[in-house]
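Enquirer: Structure file final_27.txt (compact mmCIF, C-alpha atoms) is given on the next line.
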```txt
# COMPACT_ATOMS: atom_id res chain seq x y z
CA MET A 1 -4.16 5.65 28.97
CA HIS A 2 -5.82 6.61 25.66
CA GLU A 3 -8.83 8.15 27.39
CA LYS A 4 -6.66 10.14 29.79
CA TYR A 5 -3.89 11.44 27.54
CA SER A 6 -5.28 11.65 23.97
CA THR A 7 -5.09 15.13 22.48
CA ASN A 8 -8.11 14.61 20.22
CA LYS A 9 -11.00 15.08 22.64
CA GLN A 10 -13.67 13.91 20.20
CA GLY A 11 -12.61 10.34 20.90
CA TRP A 12 -12.11 7.47 18.48
CA PHE A 13 -15.57 5.88 18.85
CA ASN A 14 -17.41 9.18 18.39
CA TRP A 15 -15.34 9.92 15.29
CA LEU A 16 -15.95 6.45 13.84
CA PHE A 17 -19.69 6.62 14.53
CA GLU A 18 -19.86 9.99 12.78
CA LYS A 19 -18.40 8.47 9.60
CA ILE A 20 -21.11 5.80 9.24
CA ASP A 21 -23.92 6.73 6.84
CA PHE A 22 -26.94 5.41 8.73
CA SER A 23 -29.36 6.86 6.16
CA LYS A 24 -28.60 3.80 4.01
CA VAL A 25 -28.72 1.24 6.82
CA ASN A 26 -31.59 -1.12 7.52
CA ARG A 27 -29.46 -4.13 8.45
CA LEU A 28 -25.98 -3.72 9.91
CA LEU A 29 -23.43 -6.21 11.23
CA GLU A 30 -20.51 -5.36 13.48
CA LEU A 31 -17.74 -7.96 13.53
CA GLY A 32 -15.58 -8.12 16.66
CA CYS A 33 -17.79 -5.75 18.64
CA GLY A 34 -15.75 -6.26 21.83
CA ASN A 35 -17.46 -4.60 24.78
CA GLY A 36 -19.88 -2.69 22.52
CA LYS A 37 -18.37 0.70 23.23
CA LEU A 38 -19.23 2.04 19.78
CA TRP A 39 -22.92 1.88 20.72
CA GLN A 40 -22.81 2.86 24.41
CA GLU A 41 -22.38 6.60 23.94
CA ASN A 42 -23.79 6.98 20.44
CA LYS A 43 -27.52 6.67 19.94
CA ILE A 44 -29.41 6.08 16.71
CA ASP A 45 -33.06 5.50 15.90
CA LEU A 46 -33.42 1.71 15.88
CA ARG A 47 -36.96 1.67 14.49
CA ASN A 48 -37.09 -0.42 11.32
CA ARG A 49 -33.41 -1.25 11.76
CA GLU A 50 -31.75 -4.52 12.65
CA ILE A 51 -28.28 -4.24 14.15
CA PHE A 52 -26.28 -7.39 14.84
CA LEU A 53 -23.31 -7.13 17.19
CA SER A 54 -21.01 -10.13 16.93
CA ASP A 55 -17.80 -11.33 18.49
CA ILE A 56 -15.94 -14.63 18.52
CA SER A 57 -15.78 -14.40 22.33
CA GLU A 58 -18.88 -15.68 24.15
CA GLY A 59 -17.88 -13.63 27.20
CA MET A 60 -17.78 -10.39 25.20
CA VAL A 61 -21.16 -11.11 23.59
CA GLU A 62 -22.73 -11.78 26.99
CA GLU A 63 -21.25 -8.53 28.35
CA VAL A 64 -22.67 -6.54 25.42
CA ARG A 65 -26.05 -8.23 25.77
CA ASN A 66 -26.17 -7.24 29.45
CA LYS A 67 -25.09 -3.65 28.72
CA LEU A 68 -27.23 -2.87 25.69
CA GLY A 69 -30.33 -4.94 26.37
CA SER A 70 -32.66 -6.23 23.69
CA ASP A 71 -32.33 -3.35 21.21
CA PHE A 72 -29.44 -5.14 19.49
CA ASN A 73 -29.04 -8.71 18.28
CA CYS A 74 -25.92 -10.00 20.07
CA ILE A 75 -24.43 -13.17 18.61
CA VAL A 76 -21.26 -15.26 18.75
CA ALA A 77 -19.83 -15.37 15.24
CA ASP A 78 -16.56 -15.99 13.43
CA ALA A 79 -15.72 -13.35 10.80
CA GLU A 80 -14.37 -16.10 8.56
CA LYS A 81 -17.70 -18.01 8.71
CA ILE A 82 -20.40 -15.34 8.95
CA PRO A 83 -23.70 -17.14 9.71
CA PHE A 84 -25.95 -15.13 7.36
CA LYS A 85 -27.17 -15.59 3.81
CA ASP A 86 -25.77 -13.77 0.79
CA ALA A 87 -26.50 -10.05 0.30
CA TYR A 88 -28.14 -9.69 3.72
CA PHE A 89 -26.56 -6.52 5.12
CA ASP A 90 -26.44 -2.90 4.03
CA SER A 91 -23.28 -2.26 6.06
CA VAL A 92 -20.59 -4.17 7.94
CA ILE A 93 -18.29 -2.65 10.57
CA ALA A 94 -14.93 -4.20 11.43
CA ASN A 95 -13.25 -1.86 13.94
CA HIS A 96 -9.60 -2.87 14.49
CA VAL A 97 -10.52 -6.48 13.70
CA LEU A 98 -9.26 -7.59 10.30
CA PHE A 99 -5.59 -7.88 11.31
CA TYR A 100 -6.55 -10.52 13.90
CA LEU A 101 -8.11 -12.94 11.39
CA ASN A 102 -6.34 -16.23 10.76
CA ASP A 103 -7.22 -15.92 7.06
CA LEU A 104 -7.78 -12.30 6.06
CA ASN A 105 -8.78 -13.16 2.48
CA GLN A 106 -11.41 -15.61 3.70
CA GLY A 107 -12.78 -12.95 6.05
CA LEU A 108 -13.01 -10.36 3.26
CA LYS A 109 -14.72 -12.90 0.99
CA GLU A 110 -17.30 -13.51 3.69
CA ILE A 111 -17.87 -9.80 4.29
CA SER A 112 -18.31 -9.22 0.55
CA ARG A 113 -20.69 -12.18 0.35
CA VAL A 114 -23.07 -10.96 3.09
CA LEU A 115 -23.10 -7.34 1.83
CA LYS A 116 -25.75 -6.22 -0.63
CA SER A 117 -24.63 -5.10 -4.10
CA ASN A 118 -24.51 -1.47 -2.94
CA GLY A 119 -23.33 -2.35 0.59
CA VAL A 120 -20.55 -0.61 2.51
CA LEU A 121 -17.75 -1.97 4.70
CA TYR A 122 -16.31 0.31 7.38
CA CYS A 123 -13.00 -1.14 8.57
CA SER A 124 -10.33 0.52 10.69
CA THR A 125 -6.70 -0.21 11.41
CA TYR A 126 -3.37 1.27 12.50
CA GLY A 127 -0.40 2.66 10.61
CA SER A 128 3.27 1.76 11.02
CA ARG A 129 3.98 4.84 13.17
CA HIS A 130 1.28 4.05 15.73
CA MET A 131 2.76 4.23 19.27
CA LYS A 132 6.27 4.16 17.78
CA GLU A 133 7.78 6.27 20.57
CA ILE A 134 6.80 3.69 23.19
CA THR A 135 8.69 1.01 21.28
CA ASP A 136 11.68 3.37 21.04
CA ILE A 137 11.56 4.07 24.79
CA VAL A 138 11.64 0.40 25.85
CA GLN A 139 14.29 -0.56 23.30
CA ASN A 140 16.51 2.32 24.36
CA PHE A 141 16.25 0.94 27.88
CA ASP A 142 16.93 -2.66 26.76
CA SER A 143 17.29 -3.55 23.08
CA ARG A 144 16.10 -7.13 23.71
CA ILE A 145 12.55 -5.98 24.46
CA ASN A 146 9.90 -6.66 21.83
CA LEU A 147 6.41 -5.45 22.75
CA SER A 148 4.67 -7.49 20.07
CA ASN A 149 5.36 -10.83 18.44
CA HIS A 150 4.07 -9.51 15.12
CA SER A 151 3.09 -6.12 13.73
CA LEU A 152 -0.65 -5.89 13.13
CA TYR A 153 -0.21 -3.18 10.49
CA ASP A 154 1.88 -5.56 8.38
CA VAL A 155 -1.11 -7.91 8.14
CA PHE A 156 -3.64 -5.15 7.45
CA GLY A 157 -2.62 -1.54 7.99
CA LEU A 158 -3.13 1.96 6.68
CA GLU A 159 -0.22 1.55 4.27
CA ASN A 160 -1.31 -1.73 2.62
CA GLY A 161 -5.04 -1.75 3.38
CA GLU A 162 -6.24 -0.07 0.20
CA CYS A 163 -4.39 -2.53 -2.00
CA ILE A 164 -5.84 -5.49 -0.08
CA LEU A 165 -9.40 -4.15 -0.06
CA LYS A 166 -9.46 -3.29 -3.78
CA GLN A 167 -9.40 -7.02 -4.52
CA TYR A 168 -12.94 -7.20 -3.08
CA PHE A 169 -14.42 -3.69 -3.38
CA THR A 170 -14.78 -1.29 -6.31
CA SER A 171 -14.30 1.86 -4.22
CA VAL A 172 -12.00 2.32 -1.21
CA GLN A 173 -11.70 5.64 0.62
CA ARG A 174 -9.21 6.22 3.44
CA MET A 175 -9.87 8.62 6.32
CA ASP A 176 -7.21 9.36 8.95
CA TYR A 177 -7.94 10.13 12.60
CA GLN A 178 -5.67 12.89 13.88
CA ASP A 179 -4.49 12.20 17.43
CA SER A 180 -1.51 11.75 19.76
CA LEU A 181 -0.80 11.06 23.42
CA GLU A 182 0.78 13.53 25.83
CA ILE A 183 1.68 11.38 28.83
CA THR A 184 2.56 13.14 32.09
CA GLU A 185 2.72 10.24 34.59
CA SER A 186 4.88 7.13 34.69
CA LYS A 187 2.44 4.57 36.13
CA PRO A 188 -0.16 4.49 33.29
CA LEU A 189 2.64 4.22 30.72
CA ILE A 190 4.39 1.41 32.60
CA ASP A 191 1.07 -0.42 33.09
CA TYR A 192 0.41 -0.15 29.37
CA ILE A 193 3.89 -1.43 28.46
CA MET A 194 3.61 -4.38 30.85
CA SER A 195 0.23 -5.33 29.34
CA CYS A 196 1.64 -5.76 25.82
CA HIS A 197 1.93 -9.19 24.20
CA GLY A 198 5.71 -9.35 23.90
CA ASN A 199 8.66 -10.41 26.06
CA GLN A 200 8.75 -7.26 28.22
CA ASN A 201 7.56 -8.92 31.43
CA GLU A 202 10.49 -11.34 31.67
CA ILE A 203 13.03 -8.59 30.91
CA LEU A 204 11.51 -5.64 32.78
CA GLY A 205 10.04 -7.61 35.69
CA PRO A 206 13.33 -7.91 37.64
CA ARG A 207 14.26 -4.30 36.76
CA LEU A 208 10.93 -2.57 37.31
CA SER A 209 12.15 0.02 39.81
CA GLU A 210 15.06 0.88 37.51
CA PHE A 211 12.69 1.16 34.54
CA LYS A 212 10.37 3.45 36.53
CA GLU A 213 13.34 5.75 37.30
CA TYR A 214 14.18 5.79 33.59
CA ILE A 215 10.61 6.83 32.67
CA GLU A 216 10.56 9.46 35.45
CA GLU A 217 13.77 10.97 34.06
CA LEU A 218 12.20 11.22 30.59
CA LEU A 219 9.15 12.94 32.06
CA GLN A 220 11.24 15.39 34.08
CA LYS A 221 13.25 16.31 31.01
CA ASP A 222 10.32 17.60 28.92
CA GLY A 223 7.37 17.47 31.31
CA LYS A 224 5.61 14.94 29.11
CA ILE A 225 6.16 12.09 26.69
CA VAL A 226 4.51 12.67 23.30
CA VAL A 227 3.42 9.53 21.46
CA THR A 228 2.20 9.31 17.85
CA LYS A 229 -1.18 7.74 17.27
CA GLN A 230 -1.84 6.64 13.72
CA ALA A 231 -5.23 5.11 13.10
CA GLY A 232 -7.77 5.44 10.34
CA LEU A 233 -10.80 4.12 8.54
CA PHE A 234 -11.41 2.59 5.12
CA VAL A 235 -14.90 3.05 3.67
CA CYS A 236 -15.40 0.39 0.98
CA GLY A 237 -18.22 0.10 -1.55
CA LYS A 238 -19.12 -2.95 -3.63
```
Can you dump the structure from the file as structure tokens?

Expert:
Amino acid sequence: MHEKYSTNKQGWFNWLFEKIDFSKVNRLLELGCGNGKLWQENKIDLRNREIFLSDISEGMVEEVRNKLGSDFNCIVADAEKIPFKDAYFDSVIANHVLFYLNDLNQGLKEISRVLKSNGVLYCSTYGSRHMKEITDIVQNFDSRINLSNHSLYDVFGLENGECILKQYFTSVQRMDYQDSLEITESKPLIDYIMSCHGNQNEILGPRLSEFKEYIEELLQKDGKIVVTKQAGLFVCGK
């Protein structure tokens, strides 16, 4: 849905990659690399560079290893127990990762520990208005629906991130990514809603055809559904 309907055609991963200062990177660690998409479409000179892509999921690490080959070091690692010695990395990337940690403070301590004295952390997150219209749509249909059991931005978001990060880093700079969705079809939106981690399946499941009619009516009214995207990046120096 994001790839199809985002108004910012640069794309999140291209934008994020552009913000990383590779001129100061010899050793880099990405925490929670997922499927490795950050590196699939963006190429850098890997000579004299060591890049470690890590994830807590063995399946994800194996997928990245198969996709990207031997140019990267792909490892299973927990962000709260980073398996490297002190002051090892020039940069650490945590793209939409920190709000998933069981102990955010422990994770930030570990990141600070493995970064060199002039190292940089690039960490991204969402703001409180991210995808707000989708929540409004489902709750207007049935107020019992909750698409998420907890709000990730409350744990670590654009609004509170700087305050949290300044406990561990001397400089914190926020950069916002300007984007929105303009959705013109019901199926991708419904598929997205049904894939959320809330209680929507039990409530919407028996009423799916009725819910589809409701979405179709919204689309017919304005020709599209506009959804706010609020994401950004913190660049943190030790």

Enquirer: Tell me which protein, DNA and RNA residues are within 8 Å of range 105-110 of chain A, counting only C-alpha atoms, leaving out same-chain ones fewer than 6 positions away, and put them as an NGL selection string.

Expert: :A and (79-82 or 98 or 165 or 168)

Enquirer: One decimal, Å: what's the distance from CA of Glu58 in chain A over to CA of Gly36 in chain A, could you say?

Expert: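 Separation between CA of Glu58 in chain A and CA of Gly36 in chain A: 13.1 Å.
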
Enquirer: Report the distance between CA of Leu152 in chain A and CA of Phe99 in chain A in Å, rounded to one decimal place.

Expert: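 Distance between the two atoms: 5.6 Å.
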
Enquirer: Provide the CA of Ile183 in chain A to CA of Val227 in chain A distance in Å, to one decimal place.

Expert: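 One can read the CA of Ile183 in chain A to CA of Val227 in chain A distance as 7.8 Å.
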
Enquirer: When you count only C-alpha atoms, which of these residues is closest to Leu68 in chain A: A:Asp55, A:Leu38, A:Asp21, A:Arg49?

Expert: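 Closest candidate: A:Leu38.
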
Enquirer: Neighbours of Ala87 in chain A within 6 Å (only C-alpha atoms; same-chain residues fewer than 2 positions away dropped), as a PyMOL selection string?

Expert: chain A and resi 89+114-116

Enquirer: Got a sec: who's within 8 Å of Leu147 in chain A, counting all atoms listed in the file, leaving out chain neighbours fewer than 5 positions off, as a compact mmCIF listing (two decimals) with C-alpha atoms, keeping the file's coordinate frame?

Expert:
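Saved to out33.txt:
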```txt
# COMPACT_ATOMS: atom_id res chain seq x y z
CA THR A 135 8.69 1.01 21.28
CA ILE A 193 3.89 -1.43 28.46
CA CYS A 196 1.64 -5.76 25.82
CA HIS A 197 1.93 -9.19 24.20
CA GLY A 198 5.71 -9.35 23.90
CA ASN A 199 8.66 -10.41 26.06
CA GLN A 200 8.75 -7.26 28.22
```

Enquirer: Using all atoms listed in the file, can you tell me which of A:Tyr177, A:Trp39, A:Tyr192, A:Phe234 comes closest to Asn8 in chain A?

Expert: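 Of A:Tyr177, A:Trp39, A:Tyr192, A:Phe234, the one nearest Asn8 in chain A is A:Tyr177, counting all atoms listed in the file.
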
Enquirer: Name all residues at most 9 Å from Phe156 in chain A (count all atoms listed in the file; drop same-chain ones fewer than 2 positions away) and give them as a list in words.

Expert: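 The residues that qualify are Leu98, Phe99, Tyr100, Leu104, Thr125, Tyr126, Leu152, Tyr153, Asp154, Leu158, Glu159, Asn160, Gly161 and Ile164 of chain A.
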
Enquirer: Write out as CSV the residues of range 157-226 of chain A that have any atom within 12 Å of an atom of range 11-14 of chain A, one row each with the nearest atom pair and its distance in Å to one decimal, counting all atoms listed in the file, sorted by chain and then rising number.

Expert:
```
residue,atom,partner,partner_atom,distance
A:Asp176,CA,A:Trp12,CA,10.9
A:Tyr177,CA,A:Trp12,CA,7.7
A:Gln178,CA,A:Trp12,CA,9.6
A:Asp179,CA,A:Gly11,CA,9.0
A:Ser180,CA,A:Gly11,CA,11.2
```

Enquirer: Determine the nearest neighbour of Lys4 in chain A from the options A:Glu162, A:Asp71, A:Glu63, A:Glu182, counting all atoms listed in the file.

Expert: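 Using all atoms listed in the file, Lys4 in chain A sits closest to A:Glu182.
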
Enquirer: Would you kindly return, as a VMD selection string, each protein, DNA or RNA residue with an atom no farther than 10 Å from any atom of Cys33 in chain A, considering all atoms listed in the file and excluding same-chain residues fewer than 2 positions away?

Expert: chain A and resid 29 to 31 35 to 39 52 to 57 60 to 61 64 74 to 75 93 to 97

Enquirer: Let me make sure I understand: among A:Ile51, A:Ile134, A:Leu218, A:Ile111, which one has the smallest atom-to-atom distance to Met194 in chain A if we use all atoms listed in the file?

Expert: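 The closest residue to Met194 in chain A is A:Ile134.
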
Enquirer: I need the residue nearest Ser91 in chain A from this list: A:Asn66, A:Ser128, A:Gln139, A:Ser23. Use all atoms listed in the file for the distance.

Expert: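 Of A:Asn66, A:Ser128, A:Gln139, A:Ser23, the one nearest Ser91 in chain A is A:Ser23, counting all atoms listed in the file.
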
Enquirer: Point out the residue among A:Gly32, A:Leu16, A:Lys221, A:Gly232 with the least atom-to-atom distance to Ala77 in chain A, counting all atoms listed in the file.

Expert: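 The shortest atom-to-atom distance to Ala77 in chain A comes from A:Gly32.
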
Enquirer: Step by step: locate range 89-133 of chain A in the block above, keep N, CA and C atoms, then write the file as a PDB file, in the first residue's frame.

Expert:
```
ATOM      1  N   PHE A  89      32.099   0.385  16.352  1.00  0.00           N
ATOM      2  CA  PHE A  89      31.445   0.875  15.133  1.00  0.00           C
ATOM      3  C   PHE A  89      31.521   2.392  14.993  1.00  0.00           C
ATOM      4  N   ASP A  90      31.612   2.823  13.732  1.00  0.00           N
ATOM      5  CA  ASP A  90      31.522   4.248  13.417  1.00  0.00           C
ATOM      6  C   ASP A  90      30.072   4.715  13.400  1.00  0.00           C
ATOM      7  N   SER A  91      29.172   3.823  12.946  1.00  0.00           N
ATOM      8  CA  SER A  91      27.752   4.183  12.855  1.00  0.00           C
ATOM      9  C   SER A  91      26.883   2.979  13.173  1.00  0.00           C
ATOM     10  N   VAL A  92      25.715   3.259  13.722  1.00  0.00           N
ATOM     11  CA  VAL A  92      24.677   2.241  13.952  1.00  0.00           C
ATOM     12  C   VAL A  92      23.380   2.770  13.360  1.00  0.00           C
ATOM     13  N   ILE A  93      22.660   1.900  12.658  1.00  0.00           N
ATOM     14  CA  ILE A  93      21.351   2.234  12.100  1.00  0.00           C
ATOM     15  C   ILE A  93      20.292   1.407  12.821  1.00  0.00           C
ATOM     16  N   ALA A  94      19.229   2.068  13.261  1.00  0.00           N
ATOM     17  CA  ALA A  94      18.081   1.369  13.848  1.00  0.00           C
ATOM     18  C   ALA A  94      16.826   1.955  13.203  1.00  0.00           C
ATOM     19  N   ASN A  95      16.415   1.370  12.091  1.00  0.00           N
ATOM     20  CA  ASN A  95      15.301   1.888  11.289  1.00  0.00           C
ATOM     21  C   ASN A  95      13.976   1.298  11.768  1.00  0.00           C
ATOM     22  N   HIS A  96      13.160   2.128  12.420  1.00  0.00           N
ATOM     23  CA  HIS A  96      11.869   1.681  12.967  1.00  0.00           C
ATOM     24  C   HIS A  96      12.035   0.418  13.823  1.00  0.00           C
ATOM     25  N   VAL A  97      12.971   0.488  14.767  1.00  0.00           N
ATOM     26  CA  VAL A  97      13.328  -0.674  15.577  1.00  0.00           C
ATOM     27  C   VAL A  97      13.184  -0.412  17.072  1.00  0.00           C
ATOM     28  N   LEU A  98      13.603   0.764  17.524  1.00  0.00           N
ATOM     29  CA  LEU A  98      13.766   0.989  18.965  1.00  0.00           C
ATOM     30  C   LEU A  98      12.474   0.816  19.745  1.00  0.00           C
ATOM     31  N   PHE A  99      11.331   1.144  19.131  1.00  0.00           N
ATOM     32  CA  PHE A  99      10.065   1.023  19.875  1.00  0.00           C
ATOM     33  C   PHE A  99       9.634  -0.433  20.084  1.00  0.00           C
ATOM     34  N   TYR A 100      10.327  -1.375  19.456  1.00  0.00           N
ATOM     35  CA  TYR A 100      10.008  -2.793  19.661  1.00  0.00           C
ATOM     36  C   TYR A 100      10.817  -3.430  20.797  1.00  0.00           C
ATOM     37  N   LEU A 101      11.836  -2.738  21.302  1.00  0.00           N
ATOM     38  CA  LEU A 101      12.701  -3.341  22.313  1.00  0.00           C
ATOM     39  C   LEU A 101      11.946  -3.553  23.627  1.00  0.00           C
ATOM     40  N   ASN A 102      12.243  -4.652  24.288  1.00  0.00           N
ATOM     41  CA  ASN A 102      11.652  -4.911  25.605  1.00  0.00           C
ATOM     42  C   ASN A 102      12.145  -3.895  26.623  1.00  0.00           C
ATOM     43  N   ASP A 103      13.423  -3.512  26.498  1.00  0.00           N
ATOM     44  CA  ASP A 103      14.028  -2.542  27.415  1.00  0.00           C
ATOM     45  C   ASP A 103      14.767  -1.511  26.565  1.00  0.00           C
ATOM     46  N   LEU A 104      14.101  -0.410  26.267  1.00  0.00           N
ATOM     47  CA  LEU A 104      14.668   0.616  25.393  1.00  0.00           C
ATOM     48  C   LEU A 104      15.956   1.186  25.967  1.00  0.00           C
ATOM     49  N   ASN A 105      15.986   1.441  27.277  1.00  0.00           N
ATOM     50  CA  ASN A 105      17.190   2.016  27.884  1.00  0.00           C
ATOM     51  C   ASN A 105      18.377   1.077  27.766  1.00  0.00           C
ATOM     52  N   GLN A 106      18.144  -0.212  27.944  1.00  0.00           N
ATOM     53  CA  GLN A 106      19.224  -1.186  27.795  1.00  0.00           C
ATOM     54  C   GLN A 106      19.738  -1.197  26.358  1.00  0.00           C
ATOM     55  N   GLY A 107      18.815  -1.119  25.393  1.00  0.00           N
ATOM     56  CA  GLY A 107      19.210  -1.078  23.990  1.00  0.00           C
ATOM     57  C   GLY A 107      20.054   0.150  23.673  1.00  0.00           C
ATOM     58  N   LEU A 108      19.658   1.314  24.179  1.00  0.00           N
ATOM     59  CA  LEU A 108      20.419   2.540  23.926  1.00  0.00           C
ATOM     60  C   LEU A 108      21.780   2.511  24.621  1.00  0.00           C
ATOM     61  N   LYS A 109      21.842   1.896  25.787  1.00  0.00           N
ATOM     62  CA  LYS A 109      23.146   1.726  26.457  1.00  0.00           C
ATOM     63  C   LYS A 109      24.075   0.879  25.605  1.00  0.00           C
ATOM     64  N   GLU A 110      23.533  -0.188  25.046  1.00  0.00           N
ATOM     65  CA  GLU A 110      24.335  -1.078  24.202  1.00  0.00           C
ATOM     66  C   GLU A 110      24.798  -0.377  22.928  1.00  0.00           C
ATOM     67  N   ILE A 111      23.907   0.378  22.310  1.00  0.00           N
ATOM     68  CA  ILE A 111      24.282   1.119  21.094  1.00  0.00           C
ATOM     69  C   ILE A 111      25.392   2.122  21.408  1.00  0.00           C
ATOM     70  N   SER A 112      25.239   2.845  22.506  1.00  0.00           N
ATOM     71  CA  SER A 112      26.259   3.816  22.910  1.00  0.00           C
ATOM     72  C   SER A 112      27.589   3.122  23.203  1.00  0.00           C
ATOM     73  N   ARG A 113      27.507   1.952  23.819  1.00  0.00           N
ATOM     74  CA  ARG A 113      28.722   1.205  24.168  1.00  0.00           C
ATOM     75  C   ARG A 113      29.522   0.796  22.935  1.00  0.00           C
ATOM     76  N   VAL A 114      28.842   0.297  21.884  1.00  0.00           N
ATOM     77  CA  VAL A 114      29.566  -0.224  20.718  1.00  0.00           C
ATOM     78  C   VAL A 114      29.953   0.875  19.732  1.00  0.00           C
ATOM     79  N   LEU A 115      29.448   2.103  19.920  1.00  0.00           N
ATOM     80  CA  LEU A 115      29.837   3.213  19.053  1.00  0.00           C
ATOM     81  C   LEU A 115      31.154   3.832  19.524  1.00  0.00           C
ATOM     82  N   LYS A 116      31.972   4.245  18.559  1.00  0.00           N
ATOM     83  CA  LYS A 116      33.197   4.961  18.880  1.00  0.00           C
ATOM     84  C   LYS A 116      32.862   6.323  19.490  1.00  0.00           C
ATOM     85  N   SER A 117      33.864   6.993  20.031  1.00  0.00           N
ATOM     86  CA  SER A 117      33.615   8.260  20.743  1.00  0.00           C
ATOM     87  C   SER A 117      33.021   9.333  19.835  1.00  0.00           C
ATOM     88  N   ASN A 118      33.297   9.250  18.539  1.00  0.00           N
ATOM     89  CA  ASN A 118      32.703  10.203  17.588  1.00  0.00           C
ATOM     90  C   ASN A 118      31.668   9.516  16.688  1.00  0.00           C
ATOM     91  N   GLY A 119      31.131   8.387  17.174  1.00  0.00           N
ATOM     92  CA  GLY A 119      30.184   7.598  16.383  1.00  0.00           C
ATOM     93  C   GLY A 119      28.822   8.248  16.257  1.00  0.00           C
ATOM     94  N   VAL A 120      28.038   7.743  15.297  1.00  0.00           N
ATOM     95  CA  VAL A 120      26.715   8.317  15.007  1.00  0.00           C
ATOM     96  C   VAL A 120      25.664   7.212  14.986  1.00  0.00           C
ATOM     97  N   LEU A 121      24.540   7.479  15.643  1.00  0.00           N
ATOM     98  CA  LEU A 121      23.363   6.609  15.570  1.00  0.00           C
ATOM     99  C   LEU A 121      22.325   7.256  14.670  1.00  0.00           C
ATOM    100  N   TYR A 122      21.839   6.485  13.703  1.00  0.00           N
ATOM    101  CA  TYR A 122      20.718   6.911  12.859  1.00  0.00           C
ATOM    102  C   TYR A 122      19.518   6.058  13.260  1.00  0.00           C
ATOM    103  N   CYS A 123      18.516   6.668  13.871  1.00  0.00           N
ATOM    104  CA  CYS A 123      17.348   5.893  14.307  1.00  0.00           C
ATOM    105  C   CYS A 123      16.063   6.599  13.870  1.00  0.00           C
ATOM    106  N   SER A 124      15.136   5.827  13.341  1.00  0.00           N
ATOM    107  CA  SER A 124      13.900   6.402  12.819  1.00  0.00           C
ATOM    108  C   SER A 124      12.703   5.909  13.618  1.00  0.00           C
ATOM    109  N   THR A 125      11.610   6.662  13.486  1.00  0.00           N
ATOM    110  CA  THR A 125      10.394   6.299  14.198  1.00  0.00           C
ATOM    111  C   THR A 125       9.207   7.044  13.583  1.00  0.00           C
ATOM    112  N   TYR A 126       8.042   6.865  14.199  1.00  0.00           N
ATOM    113  CA  TYR A 126       6.808   7.496  13.740  1.00  0.00           C
ATOM    114  C   TYR A 126       6.382   8.594  14.713  1.00  0.00           C
ATOM    115  N   GLY A 127       5.476   9.439  14.242  1.00  0.00           N
ATOM    116  CA  GLY A 127       4.854  10.435  15.100  1.00  0.00           C
ATOM    117  C   GLY A 127       3.419  10.041  15.420  1.00  0.00           C
ATOM    118  N   SER A 128       2.794  10.766  16.301  1.00  0.00           N
ATOM    119  CA  SER A 128       1.457  10.412  16.799  1.00  0.00           C
ATOM    120  C   SER A 128       0.367  10.554  15.737  1.00  0.00           C
ATOM    121  N   ARG A 129       0.646  11.288  14.661  1.00  0.00           N
ATOM    122  CA  ARG A 129      -0.368  11.460  13.611  1.00  0.00           C
ATOM    123  C   ARG A 129      -0.220  10.454  12.474  1.00  0.00           C
ATOM    124  N   HIS A 130       0.754   9.556  12.589  1.00  0.00           N
ATOM    125  CA  HIS A 130       1.010   8.596  11.513  1.00  0.00           C
ATOM    126  C   HIS A 130      -0.206   7.683  11.295  1.00  0.00           C
ATOM    127  N   MET A 131      -0.753   7.691  10.100  1.00  0.00           N
ATOM    128  CA  MET A 131      -1.872   6.826   9.690  1.00  0.00           C
ATOM    129  C   MET A 131      -3.145   7.076  10.509  1.00  0.00           C
ATOM    130  N   LYS A 132      -3.248   8.276  11.076  1.00  0.00           N
ATOM    131  CA  LYS A 132      -4.368   8.579  11.982  1.00  0.00           C
ATOM    132  C   LYS A 132      -5.729   8.413  11.305  1.00  0.00           C
ATOM    133  N   GLU A 133      -5.814   8.778  10.026  1.00  0.00           N
ATOM    134  CA  GLU A 133      -7.105   8.711   9.336  1.00  0.00           C
ATOM    135  C   GLU A 133      -7.629   7.276   9.222  1.00  0.00           C
TER     136      GLU A 133
END
```
